[in-house]
Every structure is written in structure tokens, then in C-alpha cells.
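Content type compact mmCIF, C-alpha atoms (C1' of nucleotides), from the file data.txt:
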# COMPACT_ATOMS: atom_id res chain seq x y z
CA MET A 25 0.00 0.00 0.00
CA THR A 26 2.55 2.61 1.11
CA ALA A 27 5.47 3.27 -1.19
CA VAL A 28 9.02 2.91 0.10
CA ASN A 29 9.64 6.63 0.37
CA GLU A 30 6.68 8.27 2.03
CA SER A 31 8.04 11.64 0.89
CA THR A 32 9.60 13.42 3.86
CA SER A 33 8.29 11.34 6.74
CA PRO A 34 10.93 9.56 8.84
CA PRO A 35 10.94 5.82 8.30
CA THR A 36 8.22 4.22 10.34
CA ARG A 37 8.91 1.19 12.48
CA ARG A 38 7.28 -1.10 9.94
CA GLN A 39 9.69 0.10 7.28
CA GLN A 40 12.68 -0.31 9.59
CA ILE A 41 11.62 -3.87 10.30
CA ILE A 42 11.17 -4.59 6.61
CA GLN A 43 14.64 -3.28 5.83
CA VAL A 44 16.35 -5.26 8.57
CA ALA A 45 14.35 -8.37 7.73
CA ALA A 46 15.29 -8.05 4.06
CA GLU A 47 18.98 -8.30 4.92
CA LEU A 48 18.47 -11.40 7.03
CA PHE A 49 16.13 -13.06 4.56
CA ALA A 50 18.60 -12.40 1.75
CA GLU A 51 21.39 -14.06 3.74
CA ARG A 52 19.65 -17.11 5.12
CA GLY A 53 16.26 -17.33 3.43
CA PHE A 54 12.83 -16.70 4.91
CA HIS A 55 12.58 -20.04 6.68
CA GLY A 56 16.15 -19.74 7.88
CA VAL A 57 15.41 -16.63 9.94
CA SER A 58 13.40 -16.89 13.15
CA ILE A 59 11.29 -14.31 14.86
CA TYR A 60 13.95 -14.18 17.55
CA ASP A 61 16.72 -13.53 15.03
CA LEU A 62 14.62 -10.66 13.74
CA GLY A 63 14.09 -9.24 17.20
CA ALA A 64 17.78 -9.49 17.99
CA ALA A 65 18.69 -7.66 14.79
CA MET A 66 16.19 -4.92 15.68
CA GLY A 67 17.57 -4.48 19.17
CA THR A 68 14.29 -5.66 20.63
CA SER A 69 13.47 -9.21 21.43
CA GLY A 70 11.27 -11.73 19.72
CA PRO A 71 7.54 -11.25 19.74
CA ALA A 72 7.74 -7.46 19.61
CA LEU A 73 7.26 -8.05 15.91
CA TYR A 74 3.60 -8.80 16.45
CA LYS A 75 2.94 -5.19 17.43
CA HIS A 76 3.62 -4.30 13.81
CA PHE A 77 2.71 -7.35 11.74
CA ALA A 78 0.02 -9.93 12.21
CA SER A 79 2.40 -12.77 11.43
CA LYS A 80 5.80 -13.59 10.02
CA ASP A 81 4.10 -14.35 6.70
CA ALA A 82 2.45 -10.92 6.74
CA LEU A 83 5.87 -9.32 7.11
CA LEU A 84 7.16 -11.19 4.08
CA GLY A 85 4.05 -10.29 2.15
CA ALA A 86 4.38 -6.59 2.92
CA MET A 87 8.02 -6.67 1.91
CA LEU A 88 7.39 -8.38 -1.43
CA VAL A 89 4.43 -6.17 -2.30
CA ASP A 90 6.45 -3.07 -1.43
CA ILE A 91 9.24 -4.12 -3.77
CA SER A 92 6.90 -4.89 -6.65
CA GLU A 93 5.05 -1.62 -6.20
CA THR A 94 8.25 0.39 -6.13
CA LEU A 95 9.58 -1.28 -9.25
CA LEU A 96 6.34 -0.77 -11.12
CA ALA A 97 5.63 2.78 -9.97
CA GLU A 98 9.09 4.17 -10.59
CA GLY A 99 9.46 2.18 -13.80
CA THR A 100 6.20 3.56 -15.11
CA ALA A 101 7.19 7.11 -14.21
CA ARG A 102 10.62 6.92 -15.80
CA ALA A 103 9.35 5.24 -18.94
CA ARG A 104 6.72 7.92 -19.39
CA ALA A 105 9.26 10.69 -18.82
CA ALA A 106 11.60 9.28 -21.48
CA ARG A 107 8.90 8.37 -23.98
CA SER A 108 9.05 11.65 -25.85
CA ASP A 109 12.73 10.95 -26.68
CA GLY A 110 11.85 7.83 -28.62
CA PRO A 111 11.60 4.08 -28.05
CA ASP A 112 15.32 3.54 -27.51
CA ALA A 113 15.40 6.20 -24.82
CA GLU A 114 12.38 4.68 -23.11
CA LEU A 115 13.99 1.24 -23.05
CA ALA A 116 17.24 2.75 -21.81
CA ALA A 117 15.35 4.46 -18.99
CA LEU A 118 13.80 1.18 -17.89
CA ILE A 119 17.16 -0.54 -17.97
CA ALA A 120 18.82 2.26 -16.03
CA TRP A 121 16.10 2.15 -13.39
CA HIS A 122 16.28 -1.59 -12.89
CA VAL A 123 20.07 -1.52 -12.72
CA GLU A 124 19.95 1.28 -10.18
CA PHE A 125 17.47 -0.60 -8.04
CA ALA A 126 19.41 -3.87 -8.19
CA LEU A 127 22.69 -2.19 -7.29
CA THR A 128 21.34 -0.12 -4.41
CA ARG A 129 18.97 -2.74 -2.94
CA PRO A 130 20.55 -6.13 -3.54
CA ALA A 131 18.86 -7.67 -0.52
CA LEU A 132 15.41 -6.79 -1.79
CA ILE A 133 16.19 -8.21 -5.21
CA THR A 134 17.42 -11.43 -3.68
CA VAL A 135 14.37 -11.91 -1.49
CA GLN A 136 12.01 -11.04 -4.31
CA PHE A 137 12.94 -13.96 -6.50
CA ARG A 138 14.10 -16.33 -3.80
CA ASP A 139 11.36 -16.30 -1.19
CA LEU A 140 8.28 -15.52 -3.23
CA ALA A 141 7.38 -19.19 -2.98
CA SER A 142 7.27 -18.88 0.83
CA ALA A 143 4.66 -16.14 0.79
CA ALA A 144 1.00 -16.69 1.50
CA GLU A 145 -1.22 -17.39 -1.47
CA ALA A 146 -2.94 -13.98 -1.41
CA ASP A 147 0.32 -12.04 -1.22
CA ARG A 148 1.80 -14.16 -3.97
CA ARG A 149 -1.12 -13.30 -6.20
CA SER A 150 -0.75 -9.58 -5.51
CA VAL A 151 2.96 -9.69 -6.25
CA ARG A 152 2.51 -11.62 -9.45
CA ARG A 153 -0.14 -9.18 -10.63
CA LEU A 154 2.25 -6.28 -10.06
CA GLN A 155 5.12 -8.15 -11.65
CA ARG A 156 3.00 -8.91 -14.69
CA ARG A 157 2.27 -5.23 -15.15
CA TYR A 158 5.97 -4.45 -14.80
CA VAL A 159 6.81 -7.04 -17.41
CA GLU A 160 4.19 -5.60 -19.74
CA LEU A 161 5.85 -2.21 -19.41
CA TRP A 162 9.06 -3.80 -20.62
CA VAL A 163 7.38 -5.79 -23.35
CA ALA A 164 5.86 -2.64 -24.78
CA ALA A 165 9.21 -0.86 -24.75
CA ILE A 166 11.04 -3.83 -26.26
CA THR A 167 8.61 -4.40 -29.10
CA ALA A 168 8.68 -0.68 -29.90
CA ALA A 169 12.45 -0.35 -29.78
CA VAL A 170 13.59 -3.67 -31.22
CA GLY A 171 10.66 -4.94 -33.24
CA THR A 172 10.30 -8.41 -31.82
CA ASP A 173 7.00 -10.19 -31.38
CA GLU A 174 5.43 -10.26 -27.95
CA PRO A 175 6.33 -13.79 -26.79
CA HIS A 176 10.00 -13.28 -27.56
CA ALA A 177 9.93 -9.85 -25.96
CA ARG A 178 8.46 -11.36 -22.81
CA SER A 179 11.11 -14.06 -22.56
CA ALA A 180 13.80 -11.52 -23.35
CA ALA A 181 12.54 -9.26 -20.56
CA HIS A 182 12.77 -12.09 -18.04
CA ALA A 183 16.25 -12.93 -19.28
CA VAL A 184 17.37 -9.33 -18.81
CA PHE A 185 15.90 -9.30 -15.30
CA GLY A 186 18.02 -12.35 -14.58
CA LEU A 187 21.06 -10.63 -16.02
CA ILE A 188 20.61 -7.50 -13.94
CA ASN A 189 19.46 -9.31 -10.81
CA SER A 190 22.63 -11.37 -10.82
CA THR A 191 24.58 -8.56 -9.16
CA PRO A 192 24.11 -9.79 -5.59
CA HIS A 193 25.96 -12.99 -6.51
CA SER A 194 28.77 -11.34 -8.37
CA ALA A 195 32.01 -10.11 -6.90
CA ARG A 196 31.29 -6.49 -7.52
CA LEU A 197 33.15 -3.90 -9.47
CA ASP A 198 32.73 -0.42 -8.10
CA GLY A 199 29.19 0.87 -8.45
CA ASP A 200 29.31 3.11 -11.50
CA ASP A 201 31.50 0.73 -13.43
CA MET A 202 29.17 -2.16 -12.68
CA ALA A 203 26.12 -0.10 -13.61
CA GLY A 204 27.62 0.80 -16.96
CA LEU A 205 28.56 -2.79 -17.68
CA LEU A 206 25.09 -4.08 -16.89
CA ARG A 207 23.40 -1.39 -18.93
CA ARG A 208 25.54 -2.12 -21.98
CA MET A 209 25.02 -5.87 -21.68
CA ALA A 210 21.27 -5.45 -21.24
CA VAL A 211 20.92 -3.21 -24.27
CA ALA A 212 22.97 -5.56 -26.43
CA ALA A 213 21.10 -8.62 -25.24
CA LEU A 214 17.75 -7.06 -26.02
CA HIS A 215 18.81 -5.92 -29.46
CA ALA A 216 19.84 -9.50 -30.17
CA ALA A 217 16.37 -10.74 -29.26
CA GLY A 218 14.85 -9.53 -32.51
CA MET B 2 31.90 -37.60 -6.50
CA THR B 3 29.71 -39.52 -8.96
CA ALA B 4 28.63 -37.65 -12.04
CA VAL B 5 24.96 -37.43 -12.91
CA ASN B 6 25.17 -40.00 -15.69
CA GLU B 7 27.12 -43.00 -14.43
CA SER B 8 27.29 -44.22 -18.04
CA THR B 9 24.89 -47.14 -18.52
CA SER B 10 24.09 -48.04 -14.90
CA PRO B 11 20.44 -47.65 -13.88
CA PRO B 12 19.88 -44.73 -11.53
CA THR B 13 20.72 -45.72 -7.97
CA ARG B 14 18.33 -44.93 -5.16
CA ARG B 15 20.48 -42.00 -4.05
CA GLN B 16 20.14 -40.44 -7.46
CA GLN B 17 16.40 -41.01 -7.54
CA ILE B 18 16.09 -39.29 -4.19
CA ILE B 19 18.22 -36.39 -5.36
CA GLN B 20 16.07 -35.90 -8.44
CA VAL B 21 12.79 -36.01 -6.55
CA ALA B 22 14.17 -33.76 -3.82
CA ALA B 23 15.37 -31.25 -6.40
CA GLU B 24 11.84 -30.78 -7.70
CA LEU B 25 10.46 -30.22 -4.21
CA PHE B 26 13.29 -27.94 -3.13
CA ALA B 27 12.87 -25.89 -6.30
CA GLU B 28 9.17 -25.42 -5.57
CA ARG B 29 9.17 -24.69 -1.87
CA GLY B 30 12.78 -24.19 -0.83
CA PHE B 31 14.99 -26.46 1.26
CA HIS B 32 13.53 -25.43 4.59
CA GLY B 33 10.03 -25.61 3.17
CA VAL B 34 10.28 -29.33 2.46
CA SER B 35 10.20 -31.80 5.33
CA ILE B 36 11.65 -35.27 5.53
CA TYR B 37 8.09 -36.56 5.45
CA ASP B 38 7.27 -34.62 2.28
CA LEU B 39 10.31 -36.24 0.72
CA GLY B 40 9.28 -39.70 1.79
CA ALA B 41 5.77 -39.18 0.48
CA ALA B 42 7.09 -38.05 -2.89
CA MET B 43 9.31 -41.14 -3.03
CA GLY B 44 6.45 -43.49 -2.25
CA THR B 45 8.12 -44.47 1.01
CA SER B 46 7.57 -42.76 4.26
CA GLY B 47 9.70 -40.37 6.24
CA PRO B 48 12.89 -41.63 7.82
CA ALA B 49 13.64 -44.13 5.05
CA LEU B 50 15.83 -41.30 3.80
CA TYR B 51 18.40 -42.05 6.47
CA LYS B 52 19.25 -45.37 4.82
CA HIS B 53 20.79 -43.33 2.01
CA PHE B 54 21.89 -40.03 3.49
CA ALA B 55 23.31 -39.21 6.91
CA SER B 56 21.09 -36.15 7.23
CA LYS B 57 18.84 -33.81 5.32
CA ASP B 58 21.78 -31.41 5.03
CA ALA B 59 23.90 -34.19 3.54
CA LEU B 60 21.26 -34.73 0.87
CA LEU B 61 21.33 -31.06 -0.06
CA GLY B 62 25.12 -31.11 -0.06
CA ALA B 63 25.28 -34.10 -2.39
CA MET B 64 22.79 -32.48 -4.71
CA LEU B 65 24.66 -29.18 -4.92
CA VAL B 66 28.05 -30.78 -5.36
CA ASP B 67 26.66 -33.03 -8.09
CA ILE B 68 25.33 -30.04 -10.00
CA SER B 69 28.58 -28.10 -9.73
CA GLU B 70 30.64 -31.10 -10.80
CA THR B 71 28.43 -31.78 -13.79
CA LEU B 72 28.56 -28.16 -14.92
CA LEU B 73 32.32 -27.99 -14.55
CA ALA B 74 33.14 -31.40 -16.05
CA GLU B 75 30.95 -31.10 -19.11
CA GLY B 76 31.83 -27.44 -19.56
CA THR B 77 35.53 -28.27 -19.49
CA ALA B 78 35.08 -31.09 -21.98
CA ARG B 79 33.05 -29.06 -24.43
CA ALA B 80 35.33 -26.04 -24.21
CA ARG B 81 38.36 -28.22 -24.91
CA ALA B 82 36.62 -29.87 -27.86
CA ALA B 83 35.75 -26.54 -29.43
CA ARG B 84 39.05 -24.83 -28.68
CA SER B 85 40.66 -25.77 -31.97
CA ASP B 86 37.94 -23.83 -33.82
CA GLY B 87 38.93 -20.57 -32.19
CA PRO B 88 37.94 -18.44 -29.21
CA ASP B 89 34.49 -17.55 -30.50
CA ALA B 90 33.65 -21.22 -31.00
CA GLU B 91 34.88 -22.07 -27.51
CA LEU B 92 32.73 -19.37 -25.97
CA ALA B 93 29.76 -20.49 -28.06
CA ALA B 94 30.24 -24.04 -26.82
CA LEU B 95 30.18 -22.91 -23.20
CA ILE B 96 27.06 -20.88 -23.81
CA ALA B 97 25.34 -23.75 -25.60
CA TRP B 98 26.16 -26.14 -22.77
CA HIS B 99 24.90 -23.86 -20.04
CA VAL B 100 21.71 -23.12 -21.97
CA GLU B 101 21.14 -26.82 -22.53
CA PHE B 102 21.62 -27.58 -18.84
CA ALA B 103 19.34 -24.76 -17.70
CA LEU B 104 16.57 -25.77 -20.09
CA THR B 105 16.68 -29.48 -19.34
CA ARG B 106 17.23 -29.27 -15.56
CA PRO B 107 15.47 -26.12 -14.34
CA ALA B 108 14.92 -27.52 -10.86
CA LEU B 109 18.63 -28.09 -10.33
CA ILE B 110 19.43 -24.59 -11.52
CA THR B 111 16.87 -23.11 -9.16
CA VAL B 112 18.14 -25.00 -6.13
CA GLN B 113 21.75 -24.25 -6.97
CA PHE B 114 21.44 -20.51 -6.56
CA ARG B 115 18.53 -20.47 -4.15
CA ASP B 116 19.46 -22.92 -1.40
CA LEU B 117 23.23 -22.80 -1.40
CA ALA B 118 23.00 -20.66 1.73
CA SER B 119 21.19 -23.49 3.51
CA ALA B 120 23.97 -26.00 2.95
CA ALA B 121 26.50 -27.00 5.59
CA GLU B 122 29.71 -25.01 5.69
CA ALA B 123 31.87 -27.80 4.25
CA ASP B 124 29.53 -28.47 1.33
CA ARG B 125 29.24 -24.80 0.64
CA ARG B 126 33.01 -24.56 0.42
CA SER B 127 33.20 -27.47 -1.99
CA VAL B 128 30.50 -26.01 -4.19
CA ARG B 129 32.10 -22.60 -4.26
CA ARG B 130 35.44 -24.10 -5.19
CA LEU B 131 33.86 -25.91 -8.13
CA GLN B 132 31.88 -22.84 -9.12
CA ARG B 133 35.02 -20.75 -9.08
CA ARG B 134 36.73 -23.14 -11.45
CA TYR B 135 33.68 -23.03 -13.71
CA VAL B 136 33.74 -19.25 -13.70
CA GLU B 137 37.46 -19.26 -14.52
CA LEU B 138 36.70 -21.43 -17.54
CA TRP B 139 34.30 -18.75 -18.72
CA VAL B 140 36.64 -15.89 -17.86
CA ALA B 141 39.38 -17.43 -19.98
CA ALA B 142 37.03 -17.88 -22.92
CA ILE B 143 35.60 -14.39 -22.58
CA THR B 144 38.94 -12.61 -22.38
CA ALA B 145 40.18 -14.60 -25.37
CA ALA B 146 37.09 -14.00 -27.50
CA VAL B 147 36.13 -10.46 -26.55
CA GLY B 148 39.29 -8.92 -25.18
CA THR B 149 38.03 -7.60 -21.89
CA ASP B 150 40.10 -7.45 -18.73
CA GLU B 151 39.57 -10.13 -16.12
CA PRO B 152 37.41 -8.27 -13.57
CA HIS B 153 34.92 -7.23 -16.22
CA ALA B 154 34.95 -10.71 -17.73
CA ARG B 155 34.15 -12.18 -14.31
CA SER B 156 31.22 -9.85 -13.72
CA ALA B 157 30.02 -10.43 -17.27
CA ALA B 158 30.14 -14.19 -16.74
CA HIS B 159 27.97 -13.92 -13.64
CA ALA B 160 25.56 -11.68 -15.49
CA VAL B 161 25.24 -14.21 -18.30
CA PHE B 162 24.63 -16.99 -15.78
CA GLY B 163 21.81 -14.89 -14.43
CA LEU B 164 20.46 -14.36 -17.91
CA ILE B 165 20.49 -18.05 -18.77
CA ASN B 166 19.38 -19.22 -15.34
CA SER B 167 16.30 -17.02 -15.55
CA THR B 168 14.50 -19.64 -17.66
CA PRO B 169 12.75 -21.36 -14.74
CA HIS B 170 10.94 -18.09 -13.98
CA SER B 171 10.00 -17.27 -17.52
CA ALA B 172 6.85 -18.36 -19.31
CA ARG B 173 8.61 -20.60 -21.73
CA LEU B 174 8.72 -20.61 -25.48
CA ASP B 175 9.15 -24.05 -26.95
CA GLY B 176 12.55 -25.53 -26.18
CA ASP B 177 14.56 -24.95 -29.33
CA ASP B 178 13.20 -21.46 -29.82
CA MET B 179 14.05 -20.55 -26.24
CA ALA B 180 17.52 -22.05 -26.53
CA GLY B 181 18.23 -20.02 -29.63
CA LEU B 182 17.00 -16.82 -28.05
CA LEU B 183 19.13 -17.31 -24.95
CA ARG B 184 22.21 -18.15 -26.96
CA ARG B 185 21.86 -15.05 -29.12
CA MET B 186 21.26 -12.82 -26.13
CA ALA B 187 24.22 -14.28 -24.24
CA VAL B 188 26.61 -13.82 -27.14
CA ALA B 189 25.49 -10.25 -27.69
CA ALA B 190 25.68 -9.39 -24.01
CA LEU B 191 29.21 -10.73 -23.75
CA HIS B 192 30.39 -8.88 -26.83
CA ALA B 193 29.07 -5.69 -25.26
CA ALA B 194 31.17 -6.29 -22.15
CA GLY B 195 34.39 -5.24 -23.85
C1' DG C 200 18.62 -73.85 5.85
C1' DA C 201 21.03 -70.48 8.79
C1' DC C 202 22.69 -65.84 8.18
C1' DC C 203 23.79 -61.44 6.88
C1' DT C 204 22.72 -57.19 4.59
C1' DA C 205 19.93 -53.59 2.26
C1' DG C 206 16.05 -51.07 2.70
C1' DG C 207 12.11 -50.46 4.68
C1' DT C 208 8.55 -49.75 8.95
C1' DT C 209 6.50 -47.24 13.34
C1' DA C 210 7.11 -44.93 17.85
C1' DG C 211 8.84 -41.48 20.06
C1' DC C 212 12.38 -37.95 21.84
C1' DG C 213 14.01 -33.29 22.06
C1' DC C 214 14.25 -28.99 20.23
C1' DT C 215 12.96 -24.98 17.80
C1' DC C 216 9.67 -22.14 16.03
C1' DG C 217 5.51 -19.19 15.44
C1' DA C 218 2.11 -17.34 18.05
C1' DT C 219 -0.46 -15.89 22.29
C1' DA C 220 -1.22 -14.10 27.00
C1' DA C 221 -0.54 -11.23 30.63
C1' DC C 222 1.83 -7.60 32.20
C1' DC C 223 4.39 -3.00 32.12
C1' DA C 224 6.05 1.87 31.03
C1' DC C 225 6.06 5.97 28.82
C1' DG C 226 3.83 10.26 26.40
C1' DC C 227 0.13 12.92 25.51
C1' DG C 228 -4.55 15.18 25.28
C1' DT C 229 -8.22 16.59 28.22
C1' DA D 92 -3.88 14.07 37.66
C1' DC D 93 -5.54 10.65 34.91
C1' DG D 94 -6.57 7.31 31.21
C1' DC D 95 -5.21 5.22 27.38
C1' DG D 96 -2.92 3.97 23.23
C1' DT D 97 1.61 2.47 21.66
C1' DG D 98 5.29 -0.53 21.80
C1' DG D 99 7.72 -3.08 24.51
C1' DT D 100 8.63 -7.29 28.06
C1' DT D 101 8.68 -12.47 29.73
C1' DA D 102 6.45 -16.99 30.16
C1' DT D 103 4.39 -20.41 27.95
C1' DC D 104 1.86 -23.33 24.69
C1' DG D 105 1.30 -26.42 20.73
C1' DA D 106 2.88 -28.03 16.49
C1' DG D 107 6.18 -29.61 13.43
C1' DC D 108 10.65 -30.80 12.55
C1' DG D 109 15.08 -33.67 12.24
C1' DC D 110 16.65 -37.63 13.90
C1' DT D 111 17.19 -42.12 16.50
C1' DA D 112 15.79 -46.63 18.11
C1' DA D 113 13.94 -50.91 17.63
C1' DC D 114 12.01 -53.92 14.78
C1' DC D 115 10.73 -56.36 10.32
C1' DT D 116 11.23 -58.35 6.02
C1' DA D 117 13.12 -60.19 1.23
C1' DG D 118 17.24 -61.86 -1.43
C1' DG D 119 21.48 -63.62 -1.99
C1' DT D 120 25.58 -66.49 -0.06
C1' DC D 121 28.08 -70.15 2.14

Encoded form (C-alpha cells):
Amino acid sequence: MTAVNESTSPPTRRQQIIQVAAELFAERGFHGVSIYDLGAAMGTSGPALYKHFASKDALLGAMLVDISETLLAEGTARARAARSDGPDAELAALIAWHVEFALTRPALITVQFRDLASAAEADRRSVRRLQRRYVELWVAAITAAVGTDEPHARSAAHAVFGLINSTPHSARLDGDDMAGLLRRMAVAALHAAG
Amino acid sequence: MTAVNESTSPPTRRQQIIQVAAELFAERGFHGVSIYDLGAAMGTSGPALYKHFASKDALLGAMLVDISETLLAEGTARARAARSDGPDAELAALIAWHVEFALTRPALITVQFRDLASAAEADRRSVRRLQRRYVELWVAAITAAVGTDEPHARSAAHAVFGLINSTPHSARLDGDDMAGLLRRMAVAALHAAG
DNA sequence: GACCTAGGTTAGCGCTCGATAACCACGCGT
DNA sequence: ACGCGTGGTTATCGAGCGCTAACCTAGGTC
């Protein structure tokens, strides 16, 4: 529901918990992190979590939905802003946004495609609906810029997500260098999908 | 220790268990699958597992090591076979092999980069050692074919793994079409890494 | 035909986890 | 001055898990 940056408001406790939990989940997986681990990492202990989330599953759900909403909302905004500069610029904007997100929030990226299966059915459906819209944004940009048919554009989009999302596993170059590398590889890969 | 295809011998029970477990782990994650789930999927019940593996962790370890050994062994063989045809052919052979593996064994690919964190320390070390050798194989081929420096080649290799490994998450085209798409995208992405 | 071994069975132990209950302290509006 | 909501605490419960123990075959060997 709430976006990651609620404009100027200081981060609420829920958001703090989500951030800390994301790091732990990324390291050890959702089922590998206990409520007590979470409390310890927060400086509180154990069941304090339940003052902010109805369950451990609800925490995961909120985290995953937040990520998907951020990706979609910012992606939509940036694509629209670049649209007047042509299809290539729009695609470049999407790529730049996804690369930026993956490099600055590796934990979120990791959790998103690692622990989605652990989420409750309802949350999983919400996330997939948002993800589908995000993919459609890419598919539109790819077909416009490269001229592929839709099915290939869809598979190519997923492949490029995999390419960009690989950063958490890779011994990193420094940030800007890595961002440039990923952007160039993504553009080239997509142009080869035609 | 034993490769996936022990030539002509029928699959031993251990290998059957590993295959069945891989499917379940890929769906629900290592911690999301209980010993009893495993037994049920095997047609036996529960603790029968311990006649074949010392622990649930040992099963995961054997699975992960098997995957890494297969990738490295076959990758080494194919790269050597193609080497006489030049650097581009060697790189193409590596790409073709990885694509083939990812398309025919999606569950193994998923577990490999999802549940490695759940493995015991010793197994994790073994797997990482094998993975590192596999990456070095790619780095050598990439630097020879494209002319990048080593750090960029290493990051590019990881990115291409992510690209190819994304197939389990993608609504699939038919096999050959998907394989071709991935190969083209991988080649283009690597040539853009220079 | 006795015997071992490979591969199963069920019962149950001990521990960890998620979740709840009951209680407590501070800050703030009236 | 007081009441109450907010966000914490500890104790505890119940379930599910990994794993072990003890026992039971069938098949092959001498």
C-alpha cells in the first residue's frame, strides 16, 4: 500500500523492520530466519514483531508487495518521462532504473525472487499481478524499440531481469563501473532478441 | 563424487532421491520441504531417507556438489573440444552447454542458486570451489574472444549466468526457440562487455 | 537352511519455532 | 492528575521438525 519513500516522513517502524528483515532473509532465506533472530537484529526481542505485523508471513508479504510496487511505480514514471525521446530512450530508462534498483537494494532483489514461494497465497497473487504489469511495461518498450514479437519480448525481458538481478551474486566492481557494464550488456542482449 | 550420468548403470536410489528432492526444493525451498514430504514423494515414508543419506543437510550437499561437478566437467570437456575452432567457437560451446543444462534441468538450476546458503559449511566450500573453477573457464574464454580485462569478464560471466538461469521463472517458449534466443542474447551481451 | 545385509517400517524424543497471554512503562490530550 | 494507546517485556503453549531406536522383512551367499 505505502510506497518505500513516504516523501519526507521519517521511516516508520514497519519500514525499519522490513529493511532489517530483508537483509536477514537475503542471507539465510525466509525459513532460515526466526522471529527471535529478527528481534535481535532490531535491538528488541522476539515477539515485539507482532505489534507491527500480524504474522511472520504478513511481514514477508508486505516486503514483497512493497518491492513490486516500487519497481512498477518508478518504472512507469521513468518510462513515461523518457517516452518523448523515442523508443530507444524509453527502453534505456527502464534498464537504467532496474540496474539502479538492483545495485542499491541487492537484498530486496534477492528476497524477491528467492522467497516468493514462501509467501502466502494472497500475497503471492498480488505480487505476481504487479510483476506482470511491470513485465508488460518492458514488453511494450522492447517491441517498440527492437521490433520483436510479444512472446519473444516477454522471454527476453525475463532474461534481462536475470542478467541485472545477478549482481548480488557477483564479486562487484565499483558501483558506477558495474552499472555501466550491466546497462551495456542489457541493451545488447535485447537488441539480439529480434 | 559420482557424475549425474554413471554411463549405462540404472539410476541408484540415491540419485532417484536427489532428483525427486530437487523438484520439491525448487518449488518450496529447502527449509520448506520436510523429511516426510520427501518420503511421500518417493512413495516411502519419512525416515527411510536415512538409509541413504546421513542427514537432510547431507542430501542437499550431495545435490549441490553433483550439480557443480556436472557443470564444470561437461563445460571443461566441451570447451576443450571446441578450442581448436577458435575463441568464438569455444565461448559459443560454453554458452550452448549452459543453456542446454538450464533448459533441461530447471529444478537443479533453481536450487543451486537459491538454497546454497542453507547447505553446511563444508559443502558450501566445496560447491564454491567448483563454481570458481567453472567461472574461470568462462573468464578465460571471454577474455580470449572479446578482449576484456579479467574483472569485467568475471562480472560479465555472472551476469550471463543470471540471464540463462532465468529460464525457470520465464513463461517458456518451446525448447529450441528458447535455446536459440538465450544463446543469441548471451553472445550479444558478452560482446558488449568489452 | 542359517545368516547377513539392504532397505524399509513405526514410535517417540528433544528442540525450535511461530504465536499468544498477561503484564508494564512511557507520552500525551483533556 | 488521569486514562489510554503504543510498543515493549517475559512466560508459555502447541505443532512440526530432524533424527534415533527398535524392529521387520526379502534376497542372496556359504

Handout entry: Contact residues (chain C, partner chain B, 9 Å, all atoms listed in the file) as a PyMOL selection string
Key = chain C and resi 205-208

Identify every residue of chain B that has at least one atom within 9 Å of any atom of chain D, counting only C-alpha atoms (C1' of nucleotides), and report the result as an mmCIF file with C-alpha atoms, in the coordinates of the input.
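Dumped to out_5.cif:
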data_model
loop_
_atom_site.group_PDB
_atom_site.id
_atom_site.type_symbol
_atom_site.label_atom_id
_atom_site.label_comp_id
_atom_site.auth_asym_id
_atom_site.auth_seq_id
_atom_site.Cartn_x
_atom_site.Cartn_y
_atom_site.Cartn_z
ATOM 1 C CA SER B 35 10.200 -31.800 5.330
ATOM 2 C CA ILE B 36 11.650 -35.270 5.530
ATOM 3 C CA PRO B 48 12.890 -41.630 7.820
ATOM 4 C CA TYR B 51 18.400 -42.050 6.470
ATOM 5 C CA SER B 56 21.090 -36.150 7.230
ATOM 6 C CA LYS B 57 18.840 -33.810 5.320
#

Practice task
Return as a ChimeraX atom specification the residues belonging to chain B that are within 10 Å of chain A, counting only C-alpha atoms.
Solution key: /B:27-33,111-112,114-119,152-153,155-174,178-179,181-195

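Closest approach to Leu127 of chain A among A:Val44, A:Leu83, A:Met66, A:Ala203 is made by A:Ala203 (distances from all atoms listed in the file).
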
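Note that the spacing between atom CA of Asp58 of chain B and atom CA of Ile133 of chain A amounts to 26.0 Å.
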
Exercise for the section: Could you jot down the atom CA of Thr172 of chain A to atom CA of Thr105 of chain B separation for me, Å, one decimal place? Expected result: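 A separation of 25.3 Å between them.
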
Exercise for the section: Find the distance between atom CA of Arg129 of chain B and atom CA of Ala146 of chain B and write it in Å to one decimal. Expected result: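 Between these atoms lies a distance of 25.3 Å.
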
Starting from the incomplete input, reconstruct all heavy atoms of segment 131-135 of chain A and report them as a short mmCIF file (atom, residue, chain, number, x, y, z; two decimals), keeping the file's coordinate frame.
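Once written, out_32.cif looks like this:
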data_model
loop_
_atom_site.label_atom_id
_atom_site.label_comp_id
_atom_site.auth_asym_id
_atom_site.auth_seq_id
_atom_site.Cartn_x
_atom_site.Cartn_y
_atom_site.Cartn_z
N ALA A 131 19.59 -6.75 -1.40
CA ALA A 131 18.86 -7.67 -0.52
C ALA A 131 17.42 -7.82 -0.98
O ALA A 131 16.88 -8.94 -1.01
CB ALA A 131 18.90 -7.18 0.93
N LEU A 132 16.80 -6.72 -1.35
CA LEU A 132 15.41 -6.79 -1.79
C LEU A 132 15.28 -7.64 -3.05
O LEU A 132 14.36 -8.45 -3.19
CB LEU A 132 14.86 -5.39 -2.04
CG LEU A 132 14.74 -4.50 -0.81
CD1 LEU A 132 14.08 -3.17 -1.16
CD2 LEU A 132 13.93 -5.18 0.28
N ILE A 133 16.21 -7.42 -3.98
CA ILE A 133 16.19 -8.21 -5.21
C ILE A 133 16.30 -9.70 -4.90
O ILE A 133 15.57 -10.54 -5.44
CB ILE A 133 17.34 -7.75 -6.13
CG1 ILE A 133 17.00 -6.42 -6.79
CG2 ILE A 133 17.64 -8.80 -7.18
CD1 ILE A 133 15.94 -6.52 -7.85
N THR A 134 17.22 -10.02 -4.02
CA THR A 134 17.42 -11.43 -3.68
C THR A 134 16.17 -12.05 -3.10
O THR A 134 15.72 -13.12 -3.53
CB THR A 134 18.58 -11.57 -2.67
OG1 THR A 134 19.77 -11.04 -3.26
CG2 THR A 134 18.80 -13.01 -2.29
N VAL A 135 15.57 -11.37 -2.13
CA VAL A 135 14.37 -11.91 -1.49
C VAL A 135 13.24 -12.05 -2.51
O VAL A 135 12.51 -13.05 -2.51
CB VAL A 135 13.94 -11.02 -0.32
CG1 VAL A 135 12.61 -11.48 0.24
CG2 VAL A 135 15.00 -11.04 0.77
#
